file work_20.txt (compact mmCIF, C-alpha atoms and all ligand atoms)
# COMPACT_ATOMS: atom_id res chain seq x y z
CA MET B 822 18.17 26.92 -19.35
CA LYS B 823 15.41 29.45 -19.98
CA ILE B 824 11.88 28.24 -19.36
CA THR B 825 9.28 30.15 -21.39
CA SER B 826 5.53 30.68 -20.74
CA PRO B 827 5.96 29.72 -17.08
CA LEU B 828 2.65 28.22 -15.94
CA ASP B 829 1.09 27.37 -19.31
CA PRO B 830 -1.15 25.64 -20.10
CA TYR B 831 -2.59 25.39 -16.59
CA ILE B 832 -2.57 29.02 -15.39
CA SER B 833 -2.46 31.98 -17.76
CA LYS B 834 -0.38 35.07 -17.06
CA SER B 835 -3.43 37.24 -16.38
CA GLN B 836 -5.04 34.61 -14.11
CA PHE B 837 -1.86 34.37 -12.08
CA LYS B 838 -1.68 38.10 -11.49
CA ASP B 839 -5.00 38.05 -9.57
CA LEU B 840 -4.30 34.70 -7.96
CA LYS B 841 -0.93 35.71 -6.55
CA SER B 842 -2.24 38.38 -4.22
CA GLU B 843 -5.18 36.19 -3.16
CA ILE B 844 -2.84 33.27 -2.37
CA LEU B 845 -0.32 35.35 -0.43
CA THR B 846 -2.97 37.24 1.54
CA THR B 847 -4.73 34.00 2.51
CA ILE B 848 -1.47 32.32 3.53
CA LYS B 849 -0.62 35.27 5.72
CA LYS B 850 -4.01 35.06 7.41
CA LYS B 851 -4.68 31.31 7.54
CA GLY B 852 -1.26 29.73 6.85
CA TYR B 853 -2.34 27.87 3.70
CA TYR B 854 -4.16 28.12 0.38
CA ILE B 855 -5.74 25.31 -1.61
CA LEU B 856 -5.62 26.15 -5.28
CA GLN B 857 -8.32 24.42 -7.31
CA MET B 858 -7.09 23.66 -10.80
CA ASP B 859 -8.99 22.33 -13.79
CA HIS B 860 -9.55 18.80 -15.04
CA SER B 861 -6.41 18.70 -17.22
CA PHE B 862 -4.24 19.30 -14.16
CA GLY B 863 -6.03 16.43 -12.38
CA GLU B 864 -5.07 14.22 -15.32
CA LEU B 865 -1.43 15.24 -14.89
CA LEU B 866 -1.66 14.25 -11.22
CA ASP B 867 -3.15 10.87 -12.10
CA SER B 868 -0.57 10.11 -14.76
CA SER B 869 2.18 11.11 -12.31
CA LEU B 870 0.74 8.71 -9.72
CA ASN B 871 0.79 5.90 -12.27
CA GLU B 872 4.39 6.72 -13.18
CA TYR B 873 5.35 6.60 -9.52
CA ARG B 874 3.70 3.18 -9.15
CA ARG B 875 5.72 1.91 -12.11
CA LEU B 876 8.90 3.52 -10.80
CA ILE B 877 8.84 1.84 -7.43
CA THR B 878 7.93 -1.56 -8.76
CA ASP B 879 11.03 -1.31 -11.00
CA LYS B 880 13.63 -3.13 -8.94
CA LYS B 881 16.63 -1.31 -10.44
CA TYR B 882 16.17 1.59 -8.00
CA ARG B 883 17.85 0.56 -4.83
CA ILE B 884 16.65 1.54 -1.38
CA ASN B 885 19.10 3.45 0.79
CA PRO B 886 19.39 3.24 4.58
CA SER B 887 17.09 5.57 6.51
CA THR B 888 19.95 7.61 7.94
CA SER B 889 21.75 8.06 4.60
CA SER B 890 22.16 11.52 3.16
CA PHE B 891 23.23 12.77 -0.25
CA ARG B 892 24.29 15.91 -2.06
CA TRP B 893 22.70 17.58 -5.06
CA GLU B 894 25.42 16.12 -7.29
CA ASP B 895 24.72 12.56 -6.16
CA ILE B 896 21.22 12.61 -7.65
CA LYS B 897 21.81 14.72 -10.77
CA GLU B 898 20.52 11.92 -12.95
CA ASN B 899 19.31 9.43 -10.38
CA TYR B 900 16.44 8.82 -8.06
CA PHE B 901 17.20 8.45 -4.38
CA THR B 902 14.84 6.37 -2.27
CA LYS B 903 14.74 5.63 1.41
CA TYR B 904 12.30 4.66 4.11
CA SER B 905 11.91 7.23 6.88
CA ILE B 906 10.86 5.33 9.94
CA GLY B 907 11.16 6.70 13.47
CA SER B 908 12.20 10.20 14.33
CA THR B 909 15.97 10.42 13.94
CA ASN B 910 16.41 9.73 10.22
CA GLY B 911 16.44 13.23 8.76
CA GLY B 912 18.91 16.08 9.07
CA GLY B 913 16.46 18.28 10.97
CA TYR B 914 14.61 18.20 14.27
CA PRO B 915 13.12 14.82 15.23
CA ILE B 916 9.64 14.22 13.79
CA ALA B 917 8.06 10.79 14.24
CA GLN B 918 7.14 9.39 10.85
CA LEU B 919 6.65 6.33 8.69
CA LEU B 920 6.92 6.78 4.94
CA LYS B 921 9.01 6.11 1.87
CA THR B 922 10.68 9.12 0.26
CA THR B 923 11.88 9.24 -3.33
CA TYR B 924 13.88 12.27 -4.48
CA LEU B 925 13.69 13.03 -8.19
CA PRO B 926 16.82 13.66 -10.28
CA SER B 927 18.03 17.21 -9.63
CA SER B 928 19.61 18.36 -12.89
CA ILE B 929 17.48 20.54 -15.15
CA GLU B 930 19.37 19.22 -18.19
CA PHE B 931 18.30 15.70 -17.30
CA LEU B 932 14.72 16.73 -16.45
CA SER B 933 14.31 18.70 -19.67
CA LYS B 934 15.23 15.72 -21.83
CA SER B 935 12.71 13.44 -20.14
CA LYS B 936 9.09 13.00 -21.16
CA SER B 937 8.13 12.04 -17.60
CA ASN B 938 4.92 13.53 -16.24
CA ILE B 939 6.32 13.56 -12.70
CA PHE B 940 9.14 15.85 -13.89
CA LYS B 941 6.67 18.06 -15.76
CA LEU B 942 4.59 18.34 -12.60
CA SER B 943 7.62 18.96 -10.43
CA ARG B 944 8.81 21.79 -12.70
CA PHE B 945 5.36 23.32 -12.63
CA LEU B 946 5.38 23.36 -8.82
CA VAL B 947 8.90 24.84 -8.77
CA ILE B 948 7.88 27.64 -11.14
CA LEU B 949 4.71 28.34 -9.16
CA ARG B 950 6.70 28.51 -5.92
CA ASN B 951 9.32 30.78 -7.50
CA LEU B 952 6.72 33.16 -8.94
CA LEU B 953 4.93 33.36 -5.59
CA SER B 954 8.25 34.04 -3.86
CA ASP B 955 9.37 36.70 -6.38
CA LEU B 956 12.30 34.56 -7.44
CA PRO B 957 13.48 33.96 -11.03
CA ILE B 958 11.26 31.26 -12.56
CA SER B 959 14.06 28.73 -12.87
CA PHE B 960 15.54 29.43 -9.42
CA GLY B 961 17.05 26.34 -7.85
CA TYR B 962 18.23 24.73 -11.08
CA SER B 963 21.69 26.39 -10.94
CA PRO B 964 22.63 25.47 -7.38
CA LYS B 965 26.35 26.21 -7.69
CA THR B 966 25.67 29.90 -8.25
CA GLU B 967 22.30 30.24 -6.51
CA LYS B 968 23.31 28.17 -3.46
CA PHE B 969 19.90 26.49 -3.33
CA TRP B 970 18.41 23.58 -5.24
CA ASN B 971 14.96 22.21 -5.96
CA ALA B 972 14.45 19.15 -3.80
CA SER B 973 11.51 17.52 -5.55
CA ARG B 974 10.40 14.40 -3.84
CA ILE B 975 7.52 11.98 -3.49
CA HIS B 976 6.31 11.07 -0.02
CA HIS B 977 4.61 7.68 -0.02
CA TYR B 978 2.54 6.88 3.06
CA PRO B 979 1.52 3.23 3.19
CA VAL B 980 -1.93 2.06 4.21
CA GLY B 981 -1.90 0.41 7.60
CA GLY B 982 -0.66 3.51 9.39
CA GLY B 983 1.80 5.62 7.36
CA PHE B 984 2.02 9.02 9.06
CA MET B 985 4.06 12.11 9.92
CA SER B 986 3.35 13.62 13.31
CA ARG B 987 2.24 17.23 13.66
CA HIS B 988 5.23 19.55 13.32
CA LEU B 989 6.65 22.84 12.08
CA ASP B 990 9.38 22.94 9.43
CA GLU B 991 12.17 24.47 11.45
CA LYS B 992 15.56 23.71 9.98
CA PHE B 993 15.22 25.10 6.47
CA PRO B 994 13.12 28.19 7.28
CA GLU B 995 15.92 29.22 9.65
CA ILE B 996 18.51 28.93 6.89
CA MET B 997 16.19 30.71 4.44
CA LYS B 998 15.59 33.57 6.84
CA SER B 999 19.22 34.62 6.73
CA SER B 1000 19.19 34.42 2.93
CA MET B 1001 15.90 36.36 2.60
CA ILE B 1002 14.38 33.51 0.57
CA PRO B 1003 10.84 32.71 1.73
CA PHE B 1004 10.03 29.12 2.67
CA LEU B 1005 6.74 28.39 0.97
CA GLN B 1006 5.78 24.74 0.68
CA VAL B 1007 4.09 23.87 -2.61
CA SER B 1008 2.77 20.35 -2.82
CA VAL B 1009 0.19 18.17 -4.52
CA SER B 1010 -1.30 14.92 -3.41
CA LEU B 1011 -1.13 12.41 -6.23
CA SER B 1012 -3.54 10.02 -4.59
CA ILE B 1013 -7.23 10.72 -4.03
CA ARG B 1014 -8.98 10.15 -0.74
CA SER B 1015 -11.89 7.67 -1.16
CA ARG B 1016 -10.15 6.15 -4.19
CA ASP B 1017 -6.52 5.33 -3.29
CA TYR B 1018 -7.01 5.33 0.49
CA PHE B 1019 -9.94 6.17 2.75
CA GLN B 1020 -8.85 7.58 6.08
CA GLY B 1021 -6.28 10.10 7.32
CA GLY B 1022 -3.98 12.06 5.01
CA GLY B 1023 -2.23 15.44 4.82
CA TYR B 1024 -3.48 18.35 6.87
CA VAL B 1025 -2.59 21.84 8.03
CA ILE B 1026 -3.79 23.70 11.11
CA ASP B 1027 -5.63 26.88 10.15
CA LYS B 1028 -3.78 29.75 11.85
CA GLN B 1029 -6.97 31.73 12.27
CA ASN B 1030 -9.42 29.25 13.85
CA LYS B 1031 -7.02 26.38 14.78
CA ASN B 1032 -9.12 23.84 12.83
CA GLN B 1033 -7.43 20.85 11.25
CA ILE B 1034 -7.94 21.05 7.48
CA PHE B 1035 -7.31 18.00 5.29
CA THR B 1036 -5.60 19.17 2.12
CA ASP B 1037 -5.43 16.08 -0.11
CA ARG B 1038 -7.24 15.56 -3.40
CA THR B 1039 -10.74 14.19 -2.97
CA LEU B 1040 -13.34 12.92 -5.42
CA GLU B 1041 -15.03 16.35 -5.13
CA SER B 1042 -11.76 18.30 -5.61
CA PRO B 1043 -9.50 16.06 -7.68
CA SER B 1044 -7.21 18.77 -9.10
CA SER B 1045 -5.91 20.78 -6.15
CA ILE B 1046 -2.52 22.21 -5.17
CA THR B 1047 -1.68 22.96 -1.52
CA ILE B 1048 0.49 25.98 -0.78
CA PHE B 1049 1.38 26.52 2.85
CA ASP B 1050 3.73 28.26 5.18
CA GLY B 1051 5.90 25.48 6.60
CA SER B 1052 6.37 27.44 9.81
CA GLY B 1053 2.72 26.63 10.65
CA LEU B 1054 1.62 23.30 12.12
CA HIS B 1055 1.01 20.46 9.65
CA GLY B 1056 1.32 16.69 9.38
CA VAL B 1057 -0.09 13.49 7.93
CA GLN B 1058 -2.69 11.61 9.93
CA GLU B 1059 -2.39 7.79 9.93
CA VAL B 1060 -3.41 6.49 6.52
CA ASP B 1061 -6.00 3.70 6.66
CA PRO B 1062 -4.95 2.34 10.06
CA SER B 1063 -7.54 -0.44 9.84
CA GLU B 1064 -5.86 -1.94 6.74
CA VAL B 1065 -3.02 -4.46 6.83
CA PHE B 1066 0.26 -2.53 6.56
CA THR B 1067 1.92 -2.68 3.12
CA PHE B 1068 4.25 -0.57 0.99
CA GLU B 1069 2.74 -2.12 -2.14
CA PRO B 1070 1.65 0.92 -4.18
CA ILE B 1071 -1.86 -0.33 -4.98
CA LYS B 1072 -3.34 1.52 -2.01
CA MET B 1073 -1.44 4.43 -0.48
CA ARG B 1074 -1.29 8.15 0.02
CA ALA B 1075 1.38 9.82 -2.13
CA ALA B 1076 2.32 13.50 -2.43
CA LEU B 1077 4.87 15.46 -4.45
CA PHE B 1078 6.80 18.34 -2.90
CA ALA B 1079 8.99 20.97 -4.52
CA SER B 1080 11.05 22.67 -1.81
CA THR B 1081 14.29 24.64 -1.91
CA TYR B 1082 17.20 23.06 -0.06
CA PRO B 1083 20.50 24.79 0.62
CA PHE B 1084 23.29 23.66 -1.70
CA ILE B 1085 26.27 22.16 0.08
CA SER B 1086 29.29 21.68 -2.15
FE FE B 1101 6.83 19.56 7.19

call {"tool": "encode", "arguments": {"input": "work_20.txt", "output": "structure tokens", "more": "lines below"}}
Ligand SMILES: [Fe+2]
result
Amino acid sequence: MKITSPLDPYISKSQFKDLKSEILTTIKKKGYYILQMDHSFGELLDSSLNEYRRLITDKKYRINPSTSSFRWEDIKENYFTKYSIGSTNGGGYPIAQLLKTTYLPSSIEFLSKSKSNIFKLSRFLVILRNLLSDLPISFGYSPKTEKFWNASRIHHYPVGGGFMSRHLDEKFPEIMKSSMIPFLQVSVSLSIRSRDYFQGGGYVIDKQNKNQIFTDRTLESPSSITIFDGSGLHGVQEVDPSEVFTFEPIKMRAALFASTYPFIS
């Protein structure tokens, strides 16, 4: 399926031209770039957060075991949810963590038919990542021929200590290297610090000065996108450790990622 006017209405073609070199230069130097968007994008983030809250309170989506895996085909039209607790639940190198992950349906035909704001947001992030990586705008939506797919997923860190320890993304960048496809992480936090949770949250380590930079939305910057090189250090600091632990989605830190995963038939 052809997607027209790629980043409209949030970034115009001429804006993107200037932005692209600024983003890539900064990432090379510092390892990350925080893109400040306008108010309408913040509204899309808020409506996506509300959709996520409704989604996970809907009991028809079952929870899968932490160690379970799936293929692109398994989630063409379905969500896939699991808790990631401990450090041996993913396919990659062990990273201690405590969160709930929900993968979005993977088929572009299914996504295109839906009116969901989360899907709209996820497609926007995919297109942005593809344009920054000099890939076709809809790259990752034809995995059988392209050999990669867009793994869009929501990471939900509960208050009471949800976290992901400091790490580098190692497994996928290695695979990407041999395919010449860059591994840029494009993500947004859906929750706002000082509104949905108060302490901790997503961070990257600045390559230049080694400072820890929190990247989540805040009340001062409620419409931001984080673009970072996954081969640099990053993590999620314990979310509201002084609260009583709960996966209830009233208070939490949630983020949406759009990454490319290799397609395994
Ligand atoms: Fe990571």

call {"tool": "atom_distance", "arguments": {"input": "work_20.txt", "atom1": "atom CA of Glu930 of chain B", "atom2": "atom CA of Tyr882 of chain B"}}
result
20.6 Å

call {"tool": "atom_distance", "arguments": {"input": "work_20.txt", "atom1": "atom CA of Arg875 of chain B", "atom2": "atom CA of Ser1012 of chain B"}}
result
14.4 Å

call {"tool": "closest_residue", "arguments": {"input": "work_20.txt", "among": "B:Asp1027, B:Asp990, B:Asp1037, B:Glu864", "to": "ligand FE 1101 (chain B)", "atoms": "only C-alpha atoms and all ligand atoms"}}
result
B:Asp990

call {"tool": "residues_near_ligand", "arguments": {"input": "work_20.txt", "ligand": "ligand FE 1101 (chain B)", "cutoff": "7 Å", "atoms": "all atoms listed in the file", "output": "PyMOL selection string"}}
result
chain B and resi 988-990+1051+1055-1056

call {"tool": "axis_aligned_box", "arguments": {"input": "work_20.txt", "around": "segment 1065-1079 of chain B", "padding_each_side": "8 Å", "output": "JSON"}}
result
{"center_x": 2.8, "center_y": 8.3, "center_z": 0.9, "size_x": 28.3, "size_y": 41.4, "size_z": 27.8}

call {"tool": "closest_residue", "arguments": {"input": "work_20.txt", "among": "B:Tyr1018, B:Phe1066, B:Phe969, B:Tyr924", "to": "Thr1081 of chain B", "atoms": "all atoms listed in the file"}}
result
B:Phe969

call {"tool": "residues_around", "arguments": {"input": "work_20.txt", "residues": "Ala917 of chain B", "least_positions_apart": "3", "cutoff": "8 Å", "atoms": "only C-alpha atoms", "output": "list in words"}}
result
Ile906, Gly907, Ser908, Thr909, Met985 and Ser986 of chain B

call {"tool": "write_last_selection", "arguments": {"input": "work_20.txt", "atoms": "C-alpha atoms", "output": "PDB file, in the frame of the given file"}}
result
ATOM      1  CA  ILE B 906      10.860   5.330   9.940  1.00  0.00           C
ATOM      2  CA  GLY B 907      11.160   6.700  13.470  1.00  0.00           C
ATOM      3  CA  SER B 908      12.200  10.200  14.330  1.00  0.00           C
ATOM      4  CA  THR B 909      15.970  10.420  13.940  1.00  0.00           C
ATOM      5  CA  MET B 985       4.060  12.110   9.920  1.00  0.00           C
ATOM      6  CA  SER B 986       3.350  13.620  13.310  1.00  0.00           C
TER       7      SER B 986
END

call {"tool": "closest_residue", "arguments": {"input": "work_20.txt", "among": "B:Gly863, B:Pro957, B:Pro979, B:Pro1083", "to": "Val1060 of chain B", "atoms": "all atoms listed in the file"}}
result
B:Pro979

call {"tool": "closest_residue", "arguments": {"input": "work_20.txt", "among": "B:Leu952, B:Ile896, B:Val1057, B:Ile1071", "to": "Thr878 of chain B", "atoms": "only C-alpha atoms"}}
result
B:Ile1071

call {"tool": "closest_residue", "arguments": {"input": "work_20.txt", "among": "B:Lys1031, B:Lys897, B:Lys849, B:Lys1072", "to": "Asn871 of chain B", "atoms": "all atoms listed in the file"}}
result
B:Lys1072

call {"tool": "residues_around", "arguments": {"input": "work_20.txt", "residues": "Ser1080 of chain B", "least_positions_apart": "6", "cutoff": "9 Å", "atoms": "all atoms listed in the file", "output": "JSON, numbers by chain"}}
result
{"B": [947, 950, 970, 971, 972, 973, 974, 1004, 1005, 1006, 1007, 1008]}

call {"tool": "atom_distance", "arguments": {"input": "work_20.txt", "atom1": "atom CA of Phe901 of chain B", "atom2": "atom CA of Val1009 of chain B"}}
result
19.6 Å

call {"tool": "decode", "arguments": {"input": "work_20.txt", "residues": "segment 861-967 of chain B", "atoms": "C-alpha atoms", "output": "mmCIF file, in the first residue's frame"}}
result
data_model
loop_
_atom_site.group_PDB
_atom_site.id
_atom_site.type_symbol
_atom_site.label_atom_id
_atom_site.label_comp_id
_atom_site.auth_asym_id
_atom_site.auth_seq_id
_atom_site.Cartn_x
_atom_site.Cartn_y
_atom_site.Cartn_z
ATOM 1 C CA SER B 861 -1.644 18.671 18.030
ATOM 2 C CA PHE B 862 0.963 15.915 18.251
ATOM 3 C CA GLY B 863 0.700 16.038 22.061
ATOM 4 C CA GLU B 864 -3.041 15.467 21.661
ATOM 5 C CA LEU B 865 -2.344 12.393 19.529
ATOM 6 C CA LEU B 866 -0.070 11.085 22.300
ATOM 7 C CA ASP B 867 -2.752 11.654 24.932
ATOM 8 C CA SER B 868 -5.490 10.000 22.909
ATOM 9 C CA SER B 869 -3.155 7.043 22.269
ATOM 10 C CA LEU B 870 -2.516 6.734 26.010
ATOM 11 C CA ASN B 871 -6.256 6.655 26.659
ATOM 12 C CA GLU B 872 -6.725 4.003 23.974
ATOM 13 C CA TYR B 873 -4.013 1.904 25.584
ATOM 14 C CA ARG B 874 -5.726 2.199 28.972
ATOM 15 C CA ARG B 875 -8.979 0.974 27.416
ATOM 16 C CA LEU B 876 -7.187 -1.790 25.535
ATOM 17 C CA ILE B 877 -5.598 -3.375 28.560
ATOM 18 C CA THR B 878 -8.682 -3.170 30.709
ATOM 19 C CA ASP B 879 -10.496 -5.120 27.959
ATOM 20 C CA LYS B 880 -10.212 -8.686 29.196
ATOM 21 C CA LYS B 881 -10.468 -10.303 25.750
ATOM 22 C CA TYR B 882 -6.735 -9.795 25.165
ATOM 23 C CA ARG B 883 -5.017 -12.659 26.840
ATOM 24 C CA ILE B 884 -1.633 -12.429 28.503
ATOM 25 C CA ASN B 885 1.070 -14.738 27.191
ATOM 26 C CA PRO B 886 3.869 -16.313 29.222
ATOM 27 C CA SER B 887 6.994 -14.182 29.598
ATOM 28 C CA THR B 888 9.169 -16.562 27.609
ATOM 29 C CA SER B 889 6.714 -16.936 24.711
ATOM 30 C CA SER B 890 7.708 -15.747 21.270
ATOM 31 C CA PHE B 891 5.744 -15.195 18.079
ATOM 32 C CA ARG B 892 6.205 -14.569 14.388
ATOM 33 C CA TRP B 893 5.012 -11.649 12.295
ATOM 34 C CA GLU B 894 2.175 -13.787 10.950
ATOM 35 C CA ASP B 895 0.888 -14.633 14.427
ATOM 36 C CA ILE B 896 0.022 -11.004 15.162
ATOM 37 C CA LYS B 897 -1.144 -9.851 11.720
ATOM 38 C CA GLU B 898 -4.501 -8.846 13.155
ATOM 39 C CA ASN B 899 -3.945 -9.387 16.858
ATOM 40 C CA TYR B 900 -2.308 -7.788 19.808
ATOM 41 C CA PHE B 901 0.281 -9.791 21.690
ATOM 42 C CA THR B 902 0.806 -9.019 25.359
ATOM 43 C CA LYS B 903 3.226 -10.375 27.891
ATOM 44 C CA TYR B 904 4.909 -9.397 31.119
ATOM 45 C CA SER B 905 8.691 -9.165 30.911
ATOM 46 C CA ILE B 906 9.983 -9.831 34.373
ATOM 47 C CA GLY B 907 13.569 -10.836 35.128
ATOM 48 C CA SER B 908 16.331 -10.963 32.596
ATOM 49 C CA THR B 909 15.890 -14.127 30.551
ATOM 50 C CA ASN B 910 12.526 -13.506 28.883
ATOM 51 C CA GLY B 911 13.559 -11.974 25.570
ATOM 52 C CA GLY B 912 15.392 -13.395 22.579
ATOM 53 C CA GLY B 913 18.417 -11.152 23.102
ATOM 54 C CA TYR B 914 21.072 -10.616 25.735
ATOM 55 C CA PRO B 915 19.837 -10.650 29.340
ATOM 56 C CA ILE B 916 18.598 -7.261 30.557
ATOM 57 C CA ALA B 917 16.931 -7.059 33.981
ATOM 58 C CA GLN B 918 13.484 -5.552 33.593
ATOM 59 C CA LEU B 919 9.931 -5.349 34.871
ATOM 60 C CA LEU B 920 7.265 -4.220 32.432
ATOM 61 C CA LYS B 921 4.304 -5.271 30.351
ATOM 62 C CA THR B 922 4.794 -5.298 26.575
ATOM 63 C CA THR B 923 1.978 -5.143 24.048
ATOM 64 C CA TYR B 924 2.816 -5.618 20.369
ATOM 65 C CA LEU B 925 0.408 -3.981 17.934
ATOM 66 C CA PRO B 926 -1.058 -5.893 14.969
ATOM 67 C CA SER B 927 1.567 -6.084 12.222
ATOM 68 C CA SER B 928 -0.380 -6.069 8.958
ATOM 69 C CA ILE B 929 -0.638 -2.747 7.135
ATOM 70 C CA GLU B 930 -3.967 -3.837 5.626
ATOM 71 C CA PHE B 931 -5.378 -4.261 9.117
ATOM 72 C CA LEU B 932 -3.812 -1.038 10.422
ATOM 73 C CA SER B 933 -5.075 1.002 7.470
ATOM 74 C CA LYS B 934 -8.673 -0.026 8.064
ATOM 75 C CA SER B 935 -8.589 0.961 11.726
ATOM 76 C CA LYS B 936 -9.395 4.391 13.121
ATOM 77 C CA SER B 937 -7.146 3.775 16.127
ATOM 78 C CA ASN B 938 -4.914 6.649 17.211
ATOM 79 C CA ILE B 939 -2.241 4.246 18.444
ATOM 80 C CA PHE B 940 -1.955 2.823 14.902
ATOM 81 C CA LYS B 941 -1.862 6.328 13.423
ATOM 82 C CA LEU B 942 0.927 7.229 15.830
ATOM 83 C CA SER B 943 2.789 4.006 15.185
ATOM 84 C CA ARG B 944 2.686 4.564 11.410
ATOM 85 C CA PHE B 945 3.942 8.096 11.881
ATOM 86 C CA LEU B 946 6.938 6.825 13.869
ATOM 87 C CA VAL B 947 7.641 4.134 11.262
ATOM 88 C CA ILE B 948 7.601 6.691 8.438
ATOM 89 C CA LEU B 949 9.815 9.077 10.401
ATOM 90 C CA ARG B 950 12.309 6.289 11.112
ATOM 91 C CA ASN B 951 12.292 5.177 7.467
ATOM 92 C CA LEU B 952 12.841 8.703 6.149
ATOM 93 C CA LEU B 953 15.704 9.262 8.590
ATOM 94 C CA SER B 954 17.234 5.937 7.533
ATOM 95 C CA ASP B 955 16.840 6.598 3.780
ATOM 96 C CA LEU B 956 14.469 3.664 3.448
ATOM 97 C CA PRO B 957 11.211 3.611 1.446
ATOM 98 C CA ILE B 958 8.495 5.264 3.569
ATOM 99 C CA SER B 959 6.479 2.083 3.979
ATOM 100 C CA PHE B 960 9.497 -0.150 4.642
ATOM 101 C CA GLY B 961 8.695 -2.979 7.031
ATOM 102 C CA TYR B 962 5.092 -3.461 5.943
ATOM 103 C CA SER B 963 5.969 -6.076 3.284
ATOM 104 C CA PRO B 964 8.113 -8.378 5.416
ATOM 105 C CA LYS B 965 8.054 -11.361 3.055
ATOM 106 C CA THR B 966 9.961 -9.433 0.405
ATOM 107 C CA GLU B 967 11.775 -6.894 2.593
#
